[in-house]
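Visitor: Dumping the structure here so I can ask a few things about it.
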Amino acid sequence: MTSDECAAKPPQRTQVGIVGAGPAGLLLSHLLHLAGVDSVVLETRSRAEIEATLRAGVLEQGTVDLLRECGLGERMLREGFVHQGIELLFDGSRHRLDFAELTGGRAITIYPQHEVIRDLVRARLDAGGHIMFEAHGVEVLDFDTASPRIRYERGSVSRELVCDYIAGCDGFHGVCRQAVPAAARSEYARSYPFGWFGILVRAAPYSKELVYAHHERGFSLVSTRSATVQRLYLQCDPADHPRDWGDERIWAELDERLATRDRWTLPRGEIFQKGVIAMRSFVVEPMTYGTLYLAGDAAHIVPPTGAKGLNLAVADVQILAAALAERYTTGKAHTLQQYSENALERVWAAEHFSWWMTSMLHRFSDDDPFGHRMQLAQLRKVIGSSALQTALAEQYVGAPLPGTAAYLKASPPRGRNRRSIDRADSSNLPG
Ligand code: FAD
Ligand code: DHB
């Protein structure tokens with residue numbers, strides 16, 4: 001069934017109603033499908049828009065393993081780049097951290113988020129999945145009961161979807177987290193006095209692996225997208241606009257911030273995309289309320305320095321899908337009730353890593369020469385200690401996902417899992 005056919009006959013009932021077709025929402029829908037659980041995804045934007053939004057590039061080993069195990073690995077394995085380390089550049093020298101050696105063979109894969117999205121959309125639509133693009137005015141209702149509803153508009157028609165559960169996968173600015181009564185959630189946040197200015201350049205790869213560079217003028221990062229397109233980031237003022245950054249200014253800053261004693265330089269290429277990214281840390285606790293479950297950026301944000309955001313979204317929905325599958329297969333709600341606690345353990349570890357990498361590598365507005373030397377001392381300690389290198393490497397490649405996809409093997413591969421929910425078991429409802 002195509003998305004247009006779905007549009008002609010929008011479902012009015014489903015087991016799990018999913019708000020948001022980002023990596024979290026789409027992967028949750030795919031994993032639930034493999035476990036025989038029905039879902040409908042509601043997305044404000046069009047398919048073309050979600051497939052064209054440039055964001056993350058780094059996939060942890062556990063993310064790659066999960067995508068492969070659930071049948072989404074073909075293009076990623078063919079087109080992605082496996083990196084077995086990163087470099088830290090500071091004080092004019094580049095230092096390599098060998099992830100494969102430090103972590104027993106684990107690695108990261110560079111495969112852009114919008115390609116993951118394209119693979120997921122195709123897989124859902126090929127399997128007859130329901131993704132309602134351009135669904136506006138989404139409201140989540142009655143999620144303090146066992147029959148939550150999602151109201152939305154498509155065209156000028158108002159519609160309703162009745163569910164057993166709602167998954168709020170609608171990103172940081174979505175409606176699901178805000179719908180939880182303020183008294184029932186605690187929010188923890190930190191904003192940073194800088195942003196990242198990101199560009200895409202037509203050029204051959206500048207480095208075999210990603211380079212994270214510390215400099216007194218500010219952080220910079222050399223990443224890649226393909227044999228002919230490179231991704232570069234520069235610490236900037238969060239209020240900057242792309243028009244503030246002419247090409248000459250960009251190259252001059254990169255030359256200064258990436259200068260090494262052995263005179264590493266980046267050959268110029270055509271800069272064809274520019275954008276500013278805000279930096280913040282944020283967590284909401286708990287990640288559930290009644291029959292509403294938050295996942296991904298809807299529940300937490302990390303600054304991008306640790307490359308954790310997309311990977312955390314994947315970890316959340318892996319935990320949530322397994323818990324929902326168990327609920328429908330066995331009727332037991334215990335794992336579902338543990339969802340927030342289980343997900344938050346990984347979330348806070350990633351928050352700490354992302355904050356630590358950000359603090360070590362960026363220039364802060366109140367930095368004085370003492371602060372700058374503290375950062376250099378920390379960086380020297382990292383590269384001088386195999387224990388600290390291992391700690392950084394383990395966190396960067398990510399801990400294995402809990403029981404990756406094991407539940408899929410125990411679940412019906414294609415048939416719908418229609419076991420009804422025991423309505424008497426309302427132990428997950430508030431009050
Ligand atoms: P989102 O991707 O934000 O998806 C939410 C979806 O919900 C969107 O499609 C949105 O349109 C939709 N939506 C919003 N509101 C509504 C509504 N009311 N109704 C219906 N739909 C709605 N992470 C990494 O792991 N590695 C990296 O290398 C990395 N680099 C990054 C670089 C940049 C420049 C940026 C900006 C982010 C980066 N991240 C990275 C973070 C990563 O992109 C996010 O953490 C990830 O997109 C989170 O996925 P999500 O599905 O939770 O949310
Ligand atoms: C990329 C983004 C990140 O946040 C990061 O830490 C490394 C690489 C990227 O977009 O390539």
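Quick note on naming: the chains in the structure tokens go A, B, ... in the order shown, residues restart at 1 in each chain, and ligands are numbered from 1 in order of appearance.
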With only C-alpha atoms and all ligand atoms counted, collect every polymer residue having an atom within 6 Å of ligand 2; state the result as a PyMOL selection string.

Guide: chain A and resi 56-58+223-224+231+304-307

Visitor: Show me which residues are within 6 Å of ligand 1 counting only C-alpha atoms and all ligand atoms, and format the list as a ChimeraX atom specification.

Guide: /A:19-25,42-45,50,55-58,138,169-171,174-175,277,296-298,304,307-311,313

Visitor: Stretch 119-222 of chain A: which residues are helix (DSSP H, G or I) by DSSP, as a list of chain:residue names?

Guide: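 These are the residues in question: A:Asp119, A:Leu120, A:Val121, A:Arg122, A:Ala123, A:Arg124, A:Leu125, A:Asp126, A:Cys176, A:Arg177, A:Gln178, A:Ala179, A:Ala182, A:Ala183, A:Ala184.
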
Visitor: Next, dump the selected residues to file, keeping only all heavy atoms, as a CSV table (one decimal), in the first residue's frame.

Guide:
```
chain,number,residue,atom,x,y,z
A,119,ASP,N,15.5,4.6,4.2
A,119,ASP,CA,15.4,3.2,4.3
A,119,ASP,C,14.2,2.8,5.1
A,119,ASP,O,13.5,1.8,4.8
A,119,ASP,CB,16.7,2.6,5.0
A,119,ASP,CG,17.9,2.8,4.1
A,119,ASP,OD1,17.8,3.1,2.9
A,119,ASP,OD2,19.1,2.7,4.7
A,120,LEU,N,13.9,3.5,6.2
A,120,LEU,CA,12.8,3.2,7.1
A,120,LEU,C,11.5,3.4,6.4
A,120,LEU,O,10.5,2.6,6.5
A,120,LEU,CB,12.9,4.0,8.4
A,120,LEU,CG,13.9,3.5,9.5
A,120,LEU,CD1,14.2,4.5,10.5
A,120,LEU,CD2,13.3,2.2,10.2
A,121,VAL,N,11.3,4.6,5.8
A,121,VAL,CA,10.1,4.9,5.1
A,121,VAL,C,9.8,3.8,4.1
A,121,VAL,O,8.7,3.3,4.0
A,121,VAL,CB,10.1,6.3,4.5
A,121,VAL,CG1,8.9,6.5,3.6
A,121,VAL,CG2,10.2,7.4,5.6
A,122,ARG,N,10.8,3.5,3.3
A,122,ARG,CA,10.6,2.5,2.2
A,122,ARG,C,10.2,1.1,2.9
A,122,ARG,O,9.2,0.5,2.4
A,122,ARG,CB,11.9,2.3,1.4
A,122,ARG,CG,11.9,1.1,0.4
A,122,ARG,CD,12.7,1.4,-0.8
A,122,ARG,NE,12.3,2.6,-1.5
A,122,ARG,CZ,11.3,2.6,-2.3
A,122,ARG,NH1,10.5,1.6,-2.5
A,122,ARG,NH2,11.0,3.8,-3.0
A,123,ALA,N,10.8,0.7,3.9
A,123,ALA,CA,10.5,-0.6,4.5
A,123,ALA,C,9.1,-0.6,5.1
A,123,ALA,O,8.3,-1.5,4.9
A,123,ALA,CB,11.5,-0.9,5.7
A,124,ARG,N,8.7,0.6,5.7
A,124,ARG,CA,7.3,0.6,6.3
A,124,ARG,C,6.3,0.6,5.1
A,124,ARG,O,5.3,-0.1,5.2
A,124,ARG,CB,7.1,1.9,7.1
A,124,ARG,CG,7.8,1.9,8.4
A,124,ARG,CD,7.6,0.6,9.3
A,124,ARG,NE,6.2,0.4,9.6
A,124,ARG,CZ,5.5,-0.7,9.4
A,124,ARG,NH1,6.0,-1.7,8.7
A,124,ARG,NH2,4.2,-0.8,9.7
A,125,LEU,N,6.5,1.4,4.1
A,125,LEU,CA,5.5,1.4,3.0
A,125,LEU,C,5.4,0.1,2.3
A,125,LEU,O,4.4,-0.4,1.9
A,125,LEU,CB,5.7,2.6,2.1
A,125,LEU,CG,5.6,4.0,2.8
A,125,LEU,CD1,5.8,5.1,1.8
A,125,LEU,CD2,4.2,4.2,3.5
A,126,ASP,N,6.6,-0.5,2.0
A,126,ASP,CA,6.6,-1.8,1.3
A,126,ASP,C,5.9,-2.8,2.1
A,126,ASP,O,5.3,-3.8,1.5
A,126,ASP,CB,8.1,-2.3,1.1
A,126,ASP,CG,8.8,-1.5,0.0
A,126,ASP,OD1,8.1,-0.7,-0.7
A,126,ASP,OD2,10.0,-1.7,-0.2
A,176,CYS,N,3.9,16.1,22.4
A,176,CYS,CA,3.6,15.0,23.3
A,176,CYS,C,4.1,15.3,24.7
A,176,CYS,O,3.4,15.2,25.7
A,176,CYS,CB,4.1,13.7,22.8
A,176,CYS,SG,3.2,13.1,21.4
A,177,ARG,N,5.4,15.7,24.8
A,177,ARG,CA,6.0,16.0,26.2
A,177,ARG,C,5.2,17.1,26.8
A,177,ARG,O,4.8,17.0,28.0
A,177,ARG,CB,7.4,16.4,26.1
A,177,ARG,CG,8.1,16.6,27.4
A,177,ARG,CD,9.5,17.0,27.3
A,177,ARG,NE,9.7,18.3,26.8
A,177,ARG,CZ,10.2,18.6,25.5
A,177,ARG,NH1,10.5,17.7,24.7
A,177,ARG,NH2,10.3,19.9,25.1
A,178,GLN,N,4.8,18.2,26.1
A,178,GLN,CA,4.1,19.3,26.6
A,178,GLN,C,2.7,18.9,27.1
A,178,GLN,O,2.1,19.6,27.9
A,178,GLN,CB,4.0,20.4,25.6
A,178,GLN,CG,5.3,21.0,25.1
A,178,GLN,CD,6.1,21.7,26.2
A,178,GLN,OE1,5.6,22.0,27.2
A,178,GLN,NE2,7.4,21.8,26.0
A,179,ALA,N,2.2,17.8,26.5
A,179,ALA,CA,0.8,17.4,26.9
A,179,ALA,C,0.8,16.8,28.3
A,179,ALA,O,-0.3,16.7,29.0
A,179,ALA,CB,0.3,16.4,25.9
A,182,ALA,N,2.3,19.5,33.9
A,182,ALA,CA,3.6,20.0,34.3
A,182,ALA,C,4.0,19.4,35.7
A,182,ALA,O,5.2,19.1,35.9
A,182,ALA,CB,3.6,21.5,34.4
A,183,ALA,N,3.0,19.2,36.5
A,183,ALA,CA,3.3,18.7,37.9
A,183,ALA,C,3.8,17.2,37.9
A,183,ALA,O,4.3,16.7,38.8
A,183,ALA,CB,2.0,18.8,38.7
A,184,ALA,N,3.6,16.5,36.7
A,184,ALA,CA,3.9,15.1,36.6
A,184,ALA,C,5.3,14.9,36.0
A,184,ALA,O,5.6,13.8,35.7
A,184,ALA,CB,2.8,14.3,35.9
```

Visitor: Could you pull out the strand (DSSP E) residues of stretch 162-279 of chain A, going by DSSP on the backbone, and write them as a PyMOL selection string?

Guide: chain A and resi 162+165-168+186-191+195-202+210-213+220-224+229-236+270-277

Visitor: Per residue of stretch 171-224 of chain A within 9 Å of stretch 355-365 of chain A, note the shortest atom pair and the distance in Å to one decimal, counting only C-alpha atoms, and order the rows by chain and increasing residue number, as CSV.

Guide:
```
residue,atom,partner,partner_atom,distance
A:Tyr192,CA,A:Phe364,CA,8.4
A:Pro193,CA,A:Ser365,CA,6.9
A:Phe194,CA,A:Phe364,CA,7.8
A:Tyr212,CA,A:Leu361,CA,7.8
A:Ala213,CA,A:Leu361,CA,7.0
A:His214,CA,A:Leu361,CA,5.0
A:His215,CA,A:Arg363,CA,7.6
A:Glu216,CA,A:Arg363,CA,6.4
A:Arg217,CA,A:Arg363,CA,7.0
A:Gly218,CA,A:Arg363,CA,5.0
A:Phe219,CA,A:His362,CA,5.0
A:Ser220,CA,A:His362,CA,8.5
```

Visitor: Here is a test: counting only C-alpha atoms, which residue of A:Glu341, A:Glu351, A:Glu326, A:Glu139 is nearest to A:Ala35?

Guide: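 Using only C-alpha atoms, A:Ala35 sits closest to A:Glu326.
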
Visitor: Nearest to A:Ile166 among A:Phe143, A:Phe370, A:Phe81, A:Phe90, with distances taken over only C-alpha atoms: which residue is it?

Guide: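 Comparing A:Phe143, A:Phe370, A:Phe81, A:Phe90 against A:Ile166, the winner is A:Phe143.
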
Visitor: Using Å and a single decimal, report how far atom CA of A:Arg373 sits from atom CA of A:Ala239.

Guide: 27.2 Å

Visitor: Out of A:Arg154, A:Ile18, A:Leu54, A:Glu394, which residue has the shortest atom-to-atom distance to A:Ile117 when counting only C-alpha atoms?

Guide: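 Smallest separation from A:Ile117 among the options: A:Leu54.
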
Visitor: I'd like to know which of A:Ala48, A:Gln15, A:Asp98, A:Ala349 is closest to A:Tyr328, using only C-alpha atoms.

Guide: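 Among the listed residues, A:Gln15 lies closest to A:Tyr328.
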